[in-house]
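The file input-v7.pdb contains PDB, C-alpha atoms and all ligand atoms:
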```
ATOM      1  CA  MET Y   6       0.000   0.000   0.000  1.00  0.00           C
ATOM      2  CA  ARG Y   7       1.168   3.517  -0.745  1.00  0.00           C
ATOM      3  CA  ILE Y   8      -0.083   6.744   0.833  1.00  0.00           C
ATOM      4  CA  VAL Y   9      -0.952   9.291  -1.822  1.00  0.00           C
ATOM      5  CA  ALA Y  10      -1.473  12.974  -0.992  1.00  0.00           C
ATOM      6  CA  ASP Y  11      -3.048  15.412  -3.438  1.00  0.00           C
ATOM      7  CA  GLN Y  12      -1.436  18.777  -2.750  1.00  0.00           C
ATOM      8  CA  GLU Y  13      -4.136  20.544  -4.770  1.00  0.00           C
ATOM      9  CA  LEU Y  14      -6.845  19.265  -2.424  1.00  0.00           C
ATOM     10  CA  CYS Y  15      -4.965  19.601   0.888  1.00  0.00           C
ATOM     11  CA  ILE Y  16      -6.185  22.558   2.918  1.00  0.00           C
ATOM     12  CA  GLY Y  17      -3.560  22.189   5.643  1.00  0.00           C
ATOM     13  CA  SER Y  18      -5.957  21.297   8.423  1.00  0.00           C
ATOM     14  CA  GLY Y  19      -3.376  19.039  10.080  1.00  0.00           C
ATOM     15  CA  MET Y  20      -5.834  16.274  10.949  1.00  0.00           C
ATOM     16  CA  CYS Y  21      -3.494  13.693   9.435  1.00  0.00           C
ATOM     17  CA  VAL Y  22      -0.610  14.852  11.643  1.00  0.00           C
ATOM     18  CA  LEU Y  23      -2.880  14.612  14.682  1.00  0.00           C
ATOM     19  CA  THR Y  24      -3.723  11.079  13.643  1.00  0.00           C
ATOM     20  CA  SER Y  25      -0.099  10.038  13.138  1.00  0.00           C
ATOM     21  CA  GLU Y  26       2.999  12.182  13.499  1.00  0.00           C
ATOM     22  CA  GLU Y  27       4.921   9.130  12.400  1.00  0.00           C
ATOM     23  CA  LEU Y  28       3.309   9.067   8.976  1.00  0.00           C
ATOM     24  CA  PHE Y  29       2.603  12.740   8.326  1.00  0.00           C
ATOM     25  CA  ASP Y  30       4.086  16.189   8.739  1.00  0.00           C
ATOM     26  CA  GLN Y  31       3.120  19.622   7.478  1.00  0.00           C
ATOM     27  CA  ASP Y  32       5.111  22.028   5.354  1.00  0.00           C
ATOM     28  CA  PRO Y  33       6.178  24.870   7.659  1.00  0.00           C
ATOM     29  CA  ASP Y  34       5.443  27.425   4.933  1.00  0.00           C
ATOM     30  CA  ASP Y  35       2.041  26.518   3.491  1.00  0.00           C
ATOM     31  CA  GLY Y  36       0.842  23.847   5.939  1.00  0.00           C
ATOM     32  CA  HIS Y  37       0.369  21.285   3.209  1.00  0.00           C
ATOM     33  CA  VAL Y  38       0.822  17.661   4.075  1.00  0.00           C
ATOM     34  CA  ILE Y  39       4.173  15.908   3.851  1.00  0.00           C
ATOM     35  CA  VAL Y  40       3.959  12.136   3.708  1.00  0.00           C
ATOM     36  CA  ARG Y  41       6.819  10.910   5.862  1.00  0.00           C
ATOM     37  CA  VAL Y  42       6.251   7.197   5.262  1.00  0.00           C
ATOM     38  CA  GLU Y  43       5.053   6.485   1.765  1.00  0.00           C
ATOM     39  CA  HIS Y  44       4.740   2.735   2.268  1.00  0.00           C
ATOM     40  CA  PRO Y  45       3.256   2.102   5.721  1.00  0.00           C
ATOM     41  CA  SER Y  46       4.032  -1.116   7.543  1.00  0.00           C
ATOM     42  CA  PRO Y  47       1.126  -3.408   8.429  1.00  0.00           C
ATOM     43  CA  ALA Y  48       1.177  -1.879  11.914  1.00  0.00           C
ATOM     44  CA  GLN Y  49       1.042   1.665  10.484  1.00  0.00           C
ATOM     45  CA  LEU Y  50      -1.666   0.870   7.968  1.00  0.00           C
ATOM     46  CA  GLU Y  51      -4.477   1.264  10.469  1.00  0.00           C
ATOM     47  CA  HIS Y  52      -3.356   4.821  11.215  1.00  0.00           C
ATOM     48  CA  ALA Y  53      -3.002   5.523   7.517  1.00  0.00           C
ATOM     49  CA  ARG Y  54      -6.573   4.371   6.912  1.00  0.00           C
ATOM     50  CA  GLU Y  55      -7.802   6.509   9.790  1.00  0.00           C
ATOM     51  CA  ALA Y  56      -6.018   9.570   8.378  1.00  0.00           C
ATOM     52  CA  VAL Y  57      -7.575   8.969   4.959  1.00  0.00           C
ATOM     53  CA  ALA Y  58     -11.015   8.773   6.582  1.00  0.00           C
ATOM     54  CA  GLN Y  59     -10.457  11.873   8.739  1.00  0.00           C
ATOM     55  CA  CYS Y  60      -9.047  14.200   6.075  1.00  0.00           C
ATOM     56  CA  PRO Y  61     -11.671  16.924   5.571  1.00  0.00           C
ATOM     57  CA  SER Y  62     -10.770  17.566   1.938  1.00  0.00           C
ATOM     58  CA  GLN Y  63     -10.289  13.972   0.712  1.00  0.00           C
ATOM     59  CA  ALA Y  64      -6.669  14.798  -0.107  1.00  0.00           C
ATOM     60  CA  LEU Y  65      -5.390  11.449   1.118  1.00  0.00           C
ATOM     61  CA  SER Y  66      -5.837   8.042  -0.408  1.00  0.00           C
ATOM     62  CA  LEU Y  67      -4.260   4.612  -0.340  1.00  0.00           C
ATOM     63  CA  ASP Y  68      -2.961   3.170  -3.560  1.00  0.00           C
ATOM     64  CA  ASP Y  69      -2.850  -0.575  -3.929  1.00  0.00           C
ATOM     65  CA  GLU Y  70       0.808  -0.881  -4.892  1.00  0.00           C
TER      66      GLU Y  70
HETATM   67  S1  LIG Y 101      -5.839  16.101   6.951  1.00  0.00           S
HETATM   68 FE1  LIG Y 101      -5.984  16.357   4.736  1.00  0.00          FE
HETATM   69  S2  LIG Y 101      -6.282  18.547   4.418  1.00  0.00           S
HETATM   70 FE2  LIG Y 101      -5.508  18.282   6.484  1.00  0.00          FE
HETATM   71  S3  LIG Y 101      -3.262  18.511   6.267  1.00  0.00           S
HETATM   72 FE3  LIG Y 101      -3.740  16.326   6.146  1.00  0.00          FE
HETATM   73  S4  LIG Y 101      -3.945  15.926   3.948  1.00  0.00           S
HETATM   74 FE4  LIG Y 101      -4.098  18.137   4.235  1.00  0.00          FE
END
```
Take the structure in the file and give it back as structure tokens.
Ligand code: SF4
Amino acid sequence: MRIVADQELCIGSGMCVLTSEELFDQDPDDGHVIVRVEHPSPAQLEHAREAVAQCPSQALSLDDE
């Protein structure tokens, strides 16, 4: 699985970082998401799924690769 972030859709709310600081960070300039772990481990996948579900602008998705 790969975490995909659409920078055009991200509104910098930071919900993903609140969900997992391990997987996500925010650009200090524009607040847009930075995916820290592109390929989450099985243990991280649950947090990745939660972040995808919580993102208010549907900027995050999981790619099956
Ligand atoms: S939760 Fe969504 S909109 Fe908010 S910073 Fe993360 S990717 Fe961007």
Test item: residues at most 9 Å from stretch 57-62 of chain Y, only C-alpha atoms, excluding those fewer than 6 positions along its chain, as a PyMOL selection string
chain Y and resi 8+14-16+18-21+24
Take the PyMOL selection byres (((chain Y and resi 52) around 12) and not hetatm), run it mentally on this structure, and tell me the resulting residues as a PyMOL selection string. chain Y and resi 8+20-29+42+45-51+53-59+67
Check your understanding: In Å, how far is it from atom CA of Y:Asp34 to atom CA of Y:Arg7?
Key ->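 Atom-to-atom, atom CA of Y:Asp34 and atom CA of Y:Arg7 are spaced 24.9 Å apart.
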**Message:** Give me the residues near Y:Asp30 as number ranges by chain, where near means some atom within 7 Å (using only C-alpha atoms) and where sequence neighbours in that chain fewer than 6 positions away do not count.
**Reply:** Y: 22, 38-41
So what do you get for atom S2 of ligand LIG 101 (chain Y) versus atom CA of Y:Asp69, distance-wise?
->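 These atoms are spaced 21.1 Å apart.
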Across Y:Ala64, Y:Asp35, Y:His44, Y:Glu70, the smallest distance to ligand LIG 101 (chain Y), with all atoms listed in the file counted, is shown by Y:Ala64
3 Å per side around ligand LIG 101 (chain Y): axis-aligned box centre and edge lengths, as JSON:
```
{"center_x": -4.8, "center_y": 17.2, "center_z": 5.4, "size_x": 9.0, "size_y": 8.6, "size_z": 9.0}
```
inquiry  = Report, in Å to a single decimal, how far apart atom S1 of ligand LIG 101 (chain Y) and atom CA of Y:Asp11 are.
reply    =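 Computing it gives 10.8 Å between the two atoms.
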- Which of these, Y:Gln63, Y:Asp68, Y:Pro33, Y:Met6, has the shortest distance to ligand LIG 101 (chain Y) once you count all atoms listed in the file?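 Among the listed residues, Y:Gln63 lies closest to ligand LIG 101 (chain Y).
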Taking into account only C-alpha atoms and all ligand atoms, which residue in the set Y:Gly17, Y:Gln12, Y:Ser66, Y:Asp32 is nearest to ligand LIG 101 (chain Y)?
->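 Closest residue, counting only C-alpha atoms and all ligand atoms: Y:Gly17.
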